[in-house]
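Asks: Just dropping this structure here.
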Amino acid sequence: MKIAVIGMGYVGLSLATLLSKDNEVVAVDIDESRVDMVNSGKSPIVDKLIEEYLAKGDLNITATTSYAVALDGAEYVIVCTPTNYDVETGKFDTSSVEAALDQARDLKSNAAVVIKSTIPVGYTNQIRKKYPSLFIFFSPEFLREGRALEDNLYPSRIVVGSEDDRAVKFGELLKESALKDDVKVVAMESTEAEAVKLFANTYLAMRVSYFNELDTFAEIHDLNSRKIIEAVCLDPRIGMDYCNPSFGYGGYCLPKDTKQLRANYKEKKIPQKMIEATVEANKIRKNYIAYTILSKNPDCIGIYRLTMKKDSDNYRESAIQDIIRKFVENDANVIIYEPTFKGGEYLGCEVINDFEAFMKKSDIVLANRFEPKLHEYSDKIYTRDMFEKD
């Protein structure tokens with residue numbers, strides 16, 4: 001069948017790649033350079049598997065800037081446009097989703113519209129009233145940046161926000177395209193599916209914050225964080241996932257999803273403490289890291305990479321950015337090593353693309369994630385990465 005995918009970020013491009021193995025997929029993006037790259041078999045995002053799949057050239061995928069071309073004859077329209085959290089309104093900015101829905105309505109599409117963008121709890125039911133001619137349901141994604149296609153090929157579960165046959169069929173399409181056996185497809189009401197997304201990510205953020213606070217305790221008491229964590233996590237009820245300390249959780253999903261869930265609680269005046277504490281714990285951790293470094297009075301603070309994770313070129317909402325801001329507020333001299341950044345300055349700090357020059361100039365270097373090339377300079381490195389993994 002023909003499937004239209006709107007938006008070619010991590011979610012959209014990974015889904016377009018996955019579904020184009022067995023279906024005709026037309027992906028829409030407003031960025032012509034992205035469109036050109038996909039049509040030439042190249043990935044505009046850093047994701048090893050997406051790069052490999054596109055390079056093979058055996059997928060039935062086309063990219064375009066035209067909604068009309070993409071939606072013509074499509075049975076499903078998958079909306080994967082970005083929804084950023086607006087700190088002033090306390091809500092997601094869903095205007096990009098509605099722009100896509102406007103196109104589907106104006107082009108009189110008969111396709112089932114699947115919202116994959118992250119949205120507030122209750123949004124799908126509200127938006128259905130605005131677009132009565134469209135069949136709309138929500139289906140959350142559970143993807144990691146840099147491993148989006150891998151997570152679609154080997155999904156933990158597939159959730160669809162409707163028990164209508166068209167929604168269940170979409171879930172089965174994703175299951176059929178996956179390589180993992182026995183993937184469970186769970187159908188529920190869209191508001192419940194929206195809650196699944198926000199509660200799952202908030203739990204992960206809470207877990208990250210928990211082990212970060214454990215690490216803060218261990219560092220202040222001069223204890224071995226790694227040994228404590230390993231012993232705690234040997235309990236099978238706890239496990240070794242999401243236990244590696246960091247400078248704080250960040251990236252595209254966890255910061256905005258935790259804040260949105262907090263806003264959903266506040267909107268209905270639902271009693272809570274843990275959601276609020278998770279958001280605040282992340283601020284506390286970043287402040288702790290910043291003031292720990294400032295207390296050492298270094299002449300030049302080096303920041304090794306702006307990116308949040310290994311094998312990624314994305315540094316949206318990376319924890320290190322708030323730490324840099326705290327340094328700048330305190331008039332510290334800061335330089336940044338980020339080879340993917342095109343420009344000489346970021347957040348008012350000099351960006352150096354020469355690694356050796358960066359290391360020579362820095363008195364202390366903050367590395368949220370440790371990499372082998374840093375071993376040679378271990379006497380300069382400050383990291384809380386105990387396991388050298390994300």
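The way I read the labels, and the way they are meant: chains A, B, ... in the order of the structure tokens, residue 1 as the first residue of every chain, and ligand 1 as the first ligand shown, with later ones counted on from there.
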So that I can check the surroundings of segment 184-200 of chain A, please list as an MDAnalysis selection string every protein, DNA and RNA residue that reaches within 6 Å of it, counting only C-alpha atoms and ignoring chain neighbours fewer than 5 positions away.

Replies: chainID A and resid 121:122 138 140 157:163 257

Asks: I want to know what sits within 10 Å of Ser95 of chain A, based on only C-alpha atoms, with residues of the same chain fewer than 2 positions away left out; could you give that as a list of chain:residue names?

Replies: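 Final neighbour list, sorted by chain and number: A:Thr81, A:Pro82, A:Thr83, A:Asn84, A:Phe92, A:Asp93, A:Val97, A:Glu98, A:Ala99, A:Ala100, A:Leu101.
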
Asks: Which neighbours of Gln103 of chain A fall inside 12 Å, counting only C-alpha atoms, when residues of the same chain fewer than 5 positions from it are skipped, and could you give them as a list in words?

Replies: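 Listing them by chain and then by number gives Ile6, Val28, Ser66, Tyr67, Ala68, Val69, Ala70, Leu71, Asp72, Val77, Val79, Ser96, Val97, Glu98, Lys108, Ser109, Ala111, Val113, Tyr131 and Leu134 of chain A.
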
Asks: Let's have the selection written as a tab-separated table (two decimals), in the first residue's frame, with N, CA and C atoms.

Replies:
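Printed below is out08.tsv as written:
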chain	number	residue	atom	x	y	z
A	6	ILE	N	4.95	12.38	7.20
A	6	ILE	CA	5.18	13.83	7.23
A	6	ILE	C	6.21	14.15	8.31
A	28	VAL	N	7.44	13.49	3.37
A	28	VAL	CA	7.35	14.93	3.13
A	28	VAL	C	8.22	15.67	4.14
A	66	SER	N	6.09	18.17	-1.44
A	66	SER	CA	4.69	18.34	-1.82
A	66	SER	C	3.76	17.43	-1.04
A	67	TYR	N	2.86	18.03	-0.27
A	67	TYR	CA	1.85	17.25	0.44
A	67	TYR	C	0.92	16.55	-0.55
A	68	ALA	N	0.58	17.23	-1.63
A	68	ALA	CA	-0.35	16.67	-2.62
A	68	ALA	C	0.20	15.38	-3.21
A	69	VAL	N	1.50	15.38	-3.53
A	69	VAL	CA	2.13	14.18	-4.09
A	69	VAL	C	2.13	13.06	-3.07
A	70	ALA	N	2.45	13.38	-1.85
A	70	ALA	CA	2.56	12.36	-0.81
A	70	ALA	C	1.21	11.77	-0.43
A	71	LEU	N	0.18	12.61	-0.29
A	71	LEU	CA	-1.10	12.14	0.21
A	71	LEU	C	-1.99	11.50	-0.85
A	72	ASP	N	-1.70	11.74	-2.10
A	72	ASP	CA	-2.53	11.20	-3.18
A	72	ASP	C	-2.51	9.67	-3.15
A	77	VAL	N	-1.51	8.30	6.67
A	77	VAL	CA	-0.68	9.48	6.75
A	77	VAL	C	-0.11	9.53	8.16
A	79	VAL	N	2.00	11.39	10.90
A	79	VAL	CA	2.48	12.73	11.24
A	79	VAL	C	3.59	12.63	12.28
A	96	SER	N	2.70	22.38	14.42
A	96	SER	CA	3.20	21.62	13.27
A	96	SER	C	2.29	20.43	12.97
A	97	VAL	N	1.73	19.83	14.01
A	97	VAL	CA	0.78	18.73	13.81
A	97	VAL	C	-0.47	19.23	13.10
A	98	GLU	N	-0.98	20.37	13.59
A	98	GLU	CA	-2.19	20.91	12.99
A	98	GLU	C	-1.97	21.39	11.56
A	108	LYS	N	-8.64	16.65	1.06
A	108	LYS	CA	-9.73	15.67	1.14
A	108	LYS	C	-9.20	14.23	1.17
A	109	SER	N	-8.19	14.02	1.97
A	109	SER	CA	-7.60	12.69	2.08
A	109	SER	C	-8.54	11.73	2.81
A	111	ALA	N	-7.26	8.92	3.94
A	111	ALA	CA	-6.32	8.11	4.70
A	111	ALA	C	-6.59	8.19	6.19
A	113	VAL	N	-5.17	8.95	9.67
A	113	VAL	CA	-4.07	9.82	10.09
A	113	VAL	C	-3.54	9.34	11.44
A	131	TYR	N	-11.27	18.45	13.22
A	131	TYR	CA	-11.13	17.82	11.90
A	131	TYR	C	-12.08	16.62	11.81
A	134	LEU	N	-11.62	13.70	9.21
A	134	LEU	CA	-10.44	12.83	9.26
A	134	LEU	C	-10.58	11.77	10.35

Asks: Name all residues at most 8 Å from Leu254 of chain A (count only C-alpha atoms; drop same-chain ones fewer than 5 positions away) and give them as JSON, numbers by chain.

Replies: {"A": [201, 202, 204, 205, 249]}

Asks: Find the spatial neighbours of segment 265-276 of chain A, counting only C-alpha atoms, within a cut-off of 10 Å - ignore same-chain residues fewer than 4 positions away - and output them as a ChimeraX atom specification.

Replies: /A:90,199,202-203,205-206,258-261,280-281

Asks: Which polymer residues have any atom within 12 Å of an atom of segment 348-362 of chain A, counting only C-alpha atoms, with same-chain residues fewer than 6 positions away left out, as a ChimeraX atom specification?

Replies: /A:298-306,321,324-325,327-329,331-342,373-374,376-382

Asks: Would you mind telling me which residue in A:Asn110, A:Asn368, A:Asn224, A:Thr307 lies nearest to Phe247 of chain A when using only C-alpha atoms?

Replies: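 Nearest to Phe247 of chain A: A:Asn368.
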
Asks: Rank A:Asn244, A:Asn330, A:Thr62, A:Ser295 by their smallest atom-to-atom distance to Glu388 of chain A, using only C-alpha atoms, and report the top residue only.

Replies: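 Going through A:Asn244, A:Asn330, A:Thr62, A:Ser295 one by one, the smallest distance to Glu388 of chain A is for A:Asn244.
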
Asks: Identify all residues of segment 49-224 of chain A in helix (DSSP H, G or I) (DSSP on the backbone) and supply them as a PyMOL selection string.

Replies: chain A and resi 49-56+67-71+95-106+123-130+148-153+165-177+190-220

Asks: Any idea what's packed within 10 Å of Gly57 of chain A, counting only C-alpha atoms, ignoring anything in its chain fewer than 5 positions away? Could you give it as a list in words?

Replies: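 Here the qualifying residues turn out to be Asn39, Ser40, Gly41, Lys42 and Glu52 of chain A.
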
Asks: Could you state the separation of atom CA of Asn152 of chain A and atom CA of Val168 of chain A in Å, given to one decimal place?

Replies: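 Going from atom CA of Asn152 of chain A over to atom CA of Val168 of chain A covers 16.9 Å.
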
Asks: Measure the distance from atom CA of Asp181 of chain A to atom CA of Val46 of chain A in Å and round it to one decimal.

Replies: 26.6 Å

Asks: With distances taken over only C-alpha atoms, which residue among A:Lys256, A:Arg316, A:Arg237, A:His221 lies nearest Thr118 of chain A?

Replies: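 Between A:Lys256, A:Arg316, A:Arg237, A:His221, the residue approaching Thr118 of chain A most closely is A:Lys256.
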
Asks: As a PyMOL selection string, list the residues of segment 52-132 of chain A assigned to strand (DSSP E) by DSSP on the backbone atoms of this structure.

Replies: chain A and resi 61-64+76-79+85-86+91-92+112-115

Asks: Would you save the residues from that selection as a CSV table (one decimal), in the first residue's frame, using N, CA and C atoms?

Replies:
chain,number,residue,atom,x,y,z
A,61,ILE,N,11.0,4.1,-1.4
A,61,ILE,CA,10.8,5.3,-0.7
A,61,ILE,C,11.2,6.5,-1.6
A,62,THR,N,10.4,7.5,-1.5
A,62,THR,CA,10.6,8.8,-2.2
A,62,THR,C,10.4,9.9,-1.3
A,63,ALA,N,11.2,11.0,-1.4
A,63,ALA,CA,11.0,12.1,-0.5
A,63,ALA,C,10.5,13.3,-1.4
A,64,THR,N,9.7,14.2,-0.8
A,64,THR,CA,9.2,15.3,-1.6
A,64,THR,C,8.9,16.5,-0.6
A,76,TYR,N,-2.5,5.5,4.7
A,76,TYR,CA,-2.1,6.1,6.0
A,76,TYR,C,-1.3,7.3,5.8
A,77,VAL,N,-1.5,8.3,6.7
A,77,VAL,CA,-0.7,9.5,6.7
A,77,VAL,C,-0.1,9.5,8.2
A,78,ILE,N,1.2,9.4,8.3
A,78,ILE,CA,1.9,9.4,9.6
A,78,ILE,C,2.5,10.7,9.9
A,79,VAL,N,2.0,11.4,10.9
A,79,VAL,CA,2.5,12.7,11.2
A,79,VAL,C,3.6,12.6,12.3
A,85,TYR,N,8.2,21.8,23.7
A,85,TYR,CA,7.5,22.3,24.9
A,85,TYR,C,7.7,23.8,25.1
A,86,ASP,N,6.6,24.5,25.2
A,86,ASP,CA,6.6,25.9,25.4
A,86,ASP,C,6.6,26.3,26.9
A,91,LYS,N,2.8,24.0,27.8
A,91,LYS,CA,2.3,23.0,27.0
A,91,LYS,C,3.1,22.8,25.8
A,92,PHE,N,2.9,21.6,25.1
A,92,PHE,CA,3.5,21.4,23.8
A,92,PHE,C,3.0,22.4,22.8
A,112,ALA,N,-6.2,7.1,6.9
A,112,ALA,CA,-6.2,7.2,8.4
A,112,ALA,C,-5.0,8.0,8.8
A,113,VAL,N,-5.2,8.9,9.7
A,113,VAL,CA,-4.1,9.8,10.1
A,113,VAL,C,-3.5,9.3,11.4
A,114,VAL,N,-2.3,9.0,11.5
A,114,VAL,CA,-1.6,8.5,12.7
A,114,VAL,C,-0.7,9.6,13.2
A,115,ILE,N,-0.9,10.1,14.4
A,115,ILE,CA,-0.1,11.1,15.0
A,115,ILE,C,1.0,10.3,15.8

Asks: Give the answer as one residue: which of A:Ser33, A:Thr292, A:Asn212, A:Ser117 has the shortest atom-to-atom distance to Phe137 of chain A, using only C-alpha atoms?

Replies: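 Among the listed residues, the smallest separation from Phe137 of chain A belongs to A:Ser117.
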